[in-house]
file structure12.cif (mmCIF, N, CA, C and O atoms)
data_final
loop_
_atom_site.label_atom_id
_atom_site.label_comp_id
_atom_site.auth_asym_id
_atom_site.auth_seq_id
_atom_site.Cartn_x
_atom_site.Cartn_y
_atom_site.Cartn_z
N MET G 23 -8.30 -0.36 6.84
CA MET G 23 -8.33 1.05 6.67
C MET G 23 -7.83 1.43 5.29
O MET G 23 -8.37 2.35 4.69
N ALA G 24 -6.85 0.74 4.78
CA ALA G 24 -6.37 1.01 3.43
C ALA G 24 -7.49 0.81 2.41
O ALA G 24 -7.59 1.55 1.44
N GLU G 25 -8.33 -0.19 2.67
CA GLU G 25 -9.46 -0.44 1.77
C GLU G 25 -10.45 0.71 1.79
O GLU G 25 -11.03 1.07 0.77
N VAL G 26 -10.65 1.30 2.96
CA VAL G 26 -11.56 2.45 3.08
C VAL G 26 -10.99 3.63 2.29
O VAL G 26 -11.70 4.28 1.52
N ALA G 27 -9.70 3.90 2.45
CA ALA G 27 -9.06 5.00 1.73
C ALA G 27 -9.13 4.77 0.22
O ALA G 27 -9.42 5.71 -0.55
N THR G 28 -8.92 3.53 -0.22
CA THR G 28 -9.00 3.21 -1.65
C THR G 28 -10.41 3.42 -2.18
O THR G 28 -10.61 4.01 -3.24
N ALA G 29 -11.40 2.94 -1.45
CA ALA G 29 -12.80 3.09 -1.87
C ALA G 29 -13.19 4.56 -1.94
O ALA G 29 -13.86 4.99 -2.89
N LEU G 30 -12.76 5.34 -0.97
CA LEU G 30 -13.06 6.77 -0.99
C LEU G 30 -12.37 7.45 -2.17
O LEU G 30 -12.95 8.32 -2.82
N GLY G 31 -11.14 7.06 -2.46
CA GLY G 31 -10.41 7.61 -3.60
C GLY G 31 -11.08 7.30 -4.92
O GLY G 31 -11.13 8.14 -5.82
N GLN G 32 -11.64 6.10 -5.04
CA GLN G 32 -12.35 5.71 -6.26
C GLN G 32 -13.69 6.43 -6.37
O GLN G 32 -14.11 6.82 -7.45
N ALA G 33 -14.37 6.61 -5.24
CA ALA G 33 -15.67 7.27 -5.24
C ALA G 33 -15.54 8.78 -5.47
O ALA G 33 -16.45 9.40 -6.00
N HIS G 34 -14.40 9.33 -5.04
CA HIS G 34 -14.19 10.79 -5.14
C HIS G 34 -12.81 11.07 -5.73
O HIS G 34 -11.92 11.56 -5.02
N PRO G 35 -12.62 10.78 -7.02
CA PRO G 35 -11.28 10.94 -7.62
C PRO G 35 -10.78 12.38 -7.62
O PRO G 35 -9.58 12.62 -7.72
N GLU G 36 -11.67 13.34 -7.50
CA GLU G 36 -11.27 14.75 -7.50
C GLU G 36 -10.65 15.19 -6.17
O GLU G 36 -10.08 16.26 -6.08
N ARG G 37 -10.74 14.34 -5.15
CA ARG G 37 -10.21 14.68 -3.83
C ARG G 37 -8.99 13.83 -3.52
O ARG G 37 -8.91 12.68 -3.89
N GLY G 38 -8.06 14.41 -2.83
CA GLY G 38 -6.88 13.67 -2.40
C GLY G 38 -7.15 13.01 -1.06
O GLY G 38 -7.17 13.68 -0.03
N ILE G 39 -7.39 11.71 -1.06
CA ILE G 39 -7.70 10.98 0.17
C ILE G 39 -6.40 10.49 0.78
O ILE G 39 -5.65 9.74 0.17
N LYS G 40 -6.12 10.93 2.01
CA LYS G 40 -4.90 10.52 2.70
C LYS G 40 -5.23 9.47 3.75
O LYS G 40 -6.20 9.59 4.49
N THR G 41 -4.40 8.45 3.82
CA THR G 41 -4.61 7.34 4.75
C THR G 41 -4.61 7.84 6.19
O THR G 41 -5.40 7.36 7.01
N THR G 42 -3.78 8.82 6.50
CA THR G 42 -3.72 9.32 7.88
C THR G 42 -5.02 9.99 8.27
O THR G 42 -5.44 9.88 9.43
N VAL G 43 -5.67 10.66 7.34
CA VAL G 43 -6.95 11.31 7.62
C VAL G 43 -8.03 10.26 7.86
O VAL G 43 -8.86 10.39 8.77
N VAL G 44 -8.01 9.19 7.07
CA VAL G 44 -8.98 8.10 7.24
C VAL G 44 -8.78 7.46 8.61
O VAL G 44 -9.74 7.24 9.35
N ARG G 45 -7.53 7.19 8.98
CA ARG G 45 -7.24 6.58 10.29
C ARG G 45 -7.72 7.48 11.42
O ARG G 45 -8.39 7.02 12.36
N THR G 46 -7.42 8.77 11.34
CA THR G 46 -7.82 9.71 12.39
C THR G 46 -9.34 9.78 12.50
O THR G 46 -9.89 9.81 13.61
N THR G 47 -10.01 9.80 11.37
CA THR G 47 -11.47 9.87 11.37
C THR G 47 -12.08 8.61 11.97
O THR G 47 -13.00 8.68 12.80
N LEU G 48 -11.57 7.45 11.58
CA LEU G 48 -12.08 6.19 12.14
C LEU G 48 -11.83 6.12 13.64
O LEU G 48 -12.70 5.71 14.42
N GLU G 49 -10.66 6.55 14.09
CA GLU G 49 -10.37 6.54 15.52
C GLU G 49 -11.27 7.53 16.27
O GLU G 49 -11.66 7.28 17.40
N GLY G 50 -11.60 8.65 15.63
CA GLY G 50 -12.54 9.60 16.23
C GLY G 50 -13.92 8.98 16.41
O GLY G 50 -14.59 9.20 17.43
N LEU G 51 -14.34 8.20 15.42
CA LEU G 51 -15.64 7.51 15.53
C LEU G 51 -15.60 6.47 16.66
O LEU G 51 -16.59 6.31 17.38
N VAL G 52 -14.48 5.79 16.82
CA VAL G 52 -14.34 4.83 17.91
C VAL G 52 -14.45 5.57 19.25
O VAL G 52 -15.14 5.10 20.17
N ALA G 53 -13.80 6.72 19.35
CA ALA G 53 -13.83 7.50 20.60
C ALA G 53 -15.25 7.94 20.95
O ALA G 53 -15.59 8.05 22.13
N LYS G 54 -16.07 8.18 19.93
CA LYS G 54 -17.46 8.61 20.15
C LYS G 54 -18.42 7.42 20.23
O LYS G 54 -19.63 7.60 20.24
N ASN G 55 -17.89 6.21 20.24
CA ASN G 55 -18.70 4.98 20.25
C ASN G 55 -19.60 4.87 19.04
O ASN G 55 -20.67 4.27 19.10
N GLN G 56 -19.19 5.45 17.92
CA GLN G 56 -19.95 5.33 16.67
C GLN G 56 -19.33 4.29 15.75
O GLN G 56 -19.85 4.01 14.68
N ALA G 57 -18.21 3.72 16.17
CA ALA G 57 -17.56 2.62 15.45
C ALA G 57 -16.87 1.76 16.49
O ALA G 57 -16.61 2.20 17.61
N LYS G 58 -16.60 0.54 16.10
CA LYS G 58 -15.96 -0.41 17.00
C LYS G 58 -14.66 -0.89 16.34
O LYS G 58 -14.62 -1.12 15.14
N ARG G 59 -13.60 -1.04 17.12
CA ARG G 59 -12.30 -1.46 16.61
C ARG G 59 -11.92 -2.78 17.26
O ARG G 59 -12.01 -2.94 18.47
N THR G 60 -11.50 -3.73 16.44
CA THR G 60 -10.94 -4.98 16.95
C THR G 60 -9.62 -5.22 16.23
O THR G 60 -9.47 -4.90 15.06
N LYS G 61 -8.66 -5.77 16.96
CA LYS G 61 -7.35 -6.05 16.38
C LYS G 61 -7.16 -7.54 16.25
O LYS G 61 -7.52 -8.31 17.13
N GLN G 62 -6.58 -7.94 15.13
CA GLN G 62 -6.23 -9.33 14.89
C GLN G 62 -4.85 -9.33 14.25
O GLN G 62 -4.70 -9.07 13.07
N GLY G 63 -3.84 -9.58 15.06
CA GLY G 63 -2.46 -9.54 14.57
C GLY G 63 -2.09 -8.12 14.19
O GLY G 63 -2.25 -7.19 14.97
N ALA G 64 -1.61 -7.93 12.96
CA ALA G 64 -1.22 -6.60 12.47
C ALA G 64 -2.40 -5.87 11.84
O ALA G 64 -2.25 -4.75 11.36
N SER G 65 -3.56 -6.49 11.80
CA SER G 65 -4.73 -5.89 11.17
C SER G 65 -5.69 -5.32 12.20
O SER G 65 -5.82 -5.84 13.30
N VAL G 66 -6.36 -4.25 11.80
CA VAL G 66 -7.39 -3.63 12.63
C VAL G 66 -8.68 -3.65 11.83
O VAL G 66 -8.68 -3.34 10.63
N PHE G 67 -9.77 -4.03 12.47
CA PHE G 67 -11.07 -4.08 11.82
C PHE G 67 -11.98 -3.05 12.46
O PHE G 67 -12.10 -3.01 13.69
N TYR G 68 -12.59 -2.21 11.63
CA TYR G 68 -13.54 -1.21 12.11
C TYR G 68 -14.93 -1.64 11.67
O TYR G 68 -15.12 -2.02 10.53
N THR G 69 -15.88 -1.59 12.59
CA THR G 69 -17.26 -1.95 12.27
C THR G 69 -18.20 -0.93 12.89
O THR G 69 -17.86 -0.24 13.85
N ALA G 70 -19.40 -0.87 12.33
CA ALA G 70 -20.46 -0.06 12.93
C ALA G 70 -20.96 -0.81 14.15
O ALA G 70 -21.02 -2.04 14.14
N PRO G 71 -21.32 -0.13 15.22
CA PRO G 71 -21.72 -0.82 16.45
C PRO G 71 -22.87 -1.79 16.29
O PRO G 71 -22.89 -2.83 16.91
N ASP G 72 -23.85 -1.50 15.42
CA ASP G 72 -25.00 -2.38 15.32
C ASP G 72 -24.85 -3.47 14.25
O ASP G 72 -25.69 -4.31 14.11
N SER G 73 -23.74 -3.47 13.52
CA SER G 73 -23.50 -4.53 12.53
C SER G 73 -22.11 -5.10 12.73
O SER G 73 -21.33 -5.24 11.81
N ALA G 74 -21.82 -5.45 13.96
CA ALA G 74 -20.47 -5.79 14.42
C ALA G 74 -19.66 -6.67 13.47
O ALA G 74 -18.61 -6.28 13.03
N GLU G 75 -20.11 -7.85 13.14
CA GLU G 75 -19.31 -8.78 12.36
C GLU G 75 -19.60 -8.73 10.86
O GLU G 75 -18.82 -9.20 10.07
N GLN G 76 -20.70 -8.16 10.46
CA GLN G 76 -21.14 -8.25 9.08
C GLN G 76 -20.36 -7.37 8.11
O GLN G 76 -20.13 -7.75 6.99
N THR G 77 -19.95 -6.17 8.52
CA THR G 77 -19.32 -5.25 7.59
C THR G 77 -17.91 -4.87 8.03
O THR G 77 -17.51 -3.73 7.93
N ALA G 78 -17.16 -5.83 8.51
CA ALA G 78 -15.80 -5.56 8.97
C ALA G 78 -14.93 -5.10 7.81
O ALA G 78 -14.99 -5.64 6.72
N THR G 79 -14.14 -4.07 8.05
CA THR G 79 -13.22 -3.54 7.06
C THR G 79 -11.80 -3.74 7.57
O THR G 79 -11.40 -3.09 8.52
N PRO G 80 -11.04 -4.64 6.95
CA PRO G 80 -9.68 -4.85 7.43
C PRO G 80 -8.77 -3.69 7.05
O PRO G 80 -8.97 -3.06 6.02
N ALA G 81 -7.81 -3.41 7.90
CA ALA G 81 -6.85 -2.35 7.61
C ALA G 81 -5.50 -2.75 8.16
O ALA G 81 -5.39 -3.18 9.29
N ASN G 82 -4.49 -2.62 7.35
CA ASN G 82 -3.15 -2.93 7.82
C ASN G 82 -2.72 -1.80 8.73
O ASN G 82 -2.68 -0.66 8.34
N ASP G 83 -2.39 -2.12 9.96
CA ASP G 83 -2.17 -1.09 10.97
C ASP G 83 -0.73 -1.10 11.48
O ASP G 83 -0.49 -0.89 12.64
N GLU G 84 0.23 -1.33 10.60
CA GLU G 84 1.62 -1.38 11.02
C GLU G 84 2.08 -0.03 11.55
O GLU G 84 2.79 0.05 12.52
N GLN G 85 1.66 1.08 10.92
CA GLN G 85 2.07 2.40 11.38
C GLN G 85 1.53 2.70 12.75
O GLN G 85 2.23 3.23 13.60
N SER G 86 0.28 2.36 13.01
CA SER G 86 -0.30 2.61 14.33
C SER G 86 0.42 1.80 15.40
O SER G 86 0.62 2.27 16.51
N SER G 87 0.83 0.58 15.05
CA SER G 87 1.56 -0.24 16.01
C SER G 87 2.90 0.41 16.34
O SER G 87 3.33 0.41 17.48
N GLU G 88 3.55 0.98 15.33
CA GLU G 88 4.82 1.67 15.57
C GLU G 88 4.62 2.90 16.42
O GLU G 88 5.43 3.20 17.27
N GLN G 89 3.54 3.63 16.20
CA GLN G 89 3.26 4.84 16.96
C GLN G 89 2.95 4.52 18.40
O GLN G 89 3.25 5.30 19.30
N ALA G 90 2.35 3.37 18.65
CA ALA G 90 1.95 3.00 20.00
C ALA G 90 3.15 2.61 20.87
O ALA G 90 3.07 2.63 22.08
N GLU G 91 4.26 2.24 20.25
CA GLU G 91 5.43 1.78 21.01
C GLU G 91 6.17 2.90 21.66
O GLU G 91 6.16 4.00 21.41
#
call {"tool": "encode", "arguments": {"input": "structure12.cif", "output": "C-alpha cells"}}
result
Amino acid sequence: MAEVATALGQAHPERGIKTTVVRTTLEGLVAKNQAKRTKQGASVFYTAPDSAEQTATPANDEQSSEQAE
C-alpha cells in the first residue's frame, strides 16, 4: 500500500496523497469484490480479481494489524 501511495504522489505531485486514504480506498474495493487482499506476515497484497498473482502490490500493514487488535 505504501508503494501505491508513493506512485500516486509521483503521478500527481499537486495533490496530497495520504496513506490512510489509500488504505481506506483499497479496503473499500475489497468490500465491493473489485480487489482481492492476501496477507503474508506483516505485508498485505492487493490485486485485481482477474489478475490475481500478476500485479500484486505489497504494502506494509503494521498499522492495520495494530487497529485489528
call {"tool": "axis_aligned_box", "arguments": {"input": "structure12.cif", "around": "segment 40-49 of chain G", "padding_each_side": "8 Å", "output": "AutoDock Vina command-line options"}}
result
--center_x -8.4 --center_y 8.5 --center_z 9.7 --size_x 25.3 --size_y 21.6 --size_z 31.4
call {"tool": "closest_residue", "arguments": {"input": "structure12.cif", "among": "G:Ala33, G:Leu48, G:Met23, G:Val43", "to": "Ala64 of chain G", "atoms": "only C-alpha atoms"}}
result
G:Met23
call {"tool": "atom_distance", "arguments": {"input": "structure12.cif", "atom1": "atom CA of Glu49 of chain G", "atom2": "atom CA of Thr69 of chain G"}}
result
11.4 Å
call {"tool": "atom_distance", "arguments": {"input": "structure12.cif", "atom1": "atom C of Leu51 of chain G", "atom2": "atom CA of Ala70 of chain G"}}
result
9.0 Å
call {"tool": "residues_around", "arguments": {"input": "structure12.cif", "residues": "Lys40 of chain G", "least_positions_apart": "4", "cutoff": "8 Å", "atoms": "only N, CA, C and O atoms", "output": "number ranges by chain"}}
result
G: 23, 26-27, 31, 44-47
call {"tool": "closest_residue", "arguments": {"input": "structure12.cif", "among": "G:Ala29, G:Ala24, G:Ala57, G:Val52", "to": "Asp72 of chain G", "atoms": "only C-alpha atoms"}}
result
G:Ala57
call {"tool": "atom_distance", "arguments": {"input": "structure12.cif", "atom1": "atom O of Gln62 of chain G", "atom2": "atom O of Thr41 of chain G"}}
result
17.5 Å
call {"tool": "closest_residue", "arguments": {"input": "structure12.cif", "among": "G:Pro71, G:Glu25, G:Thr42, G:Gln32", "to": "Gln56 of chain G", "atoms": "only N, CA, C and O atoms"}}
result
G:Pro71
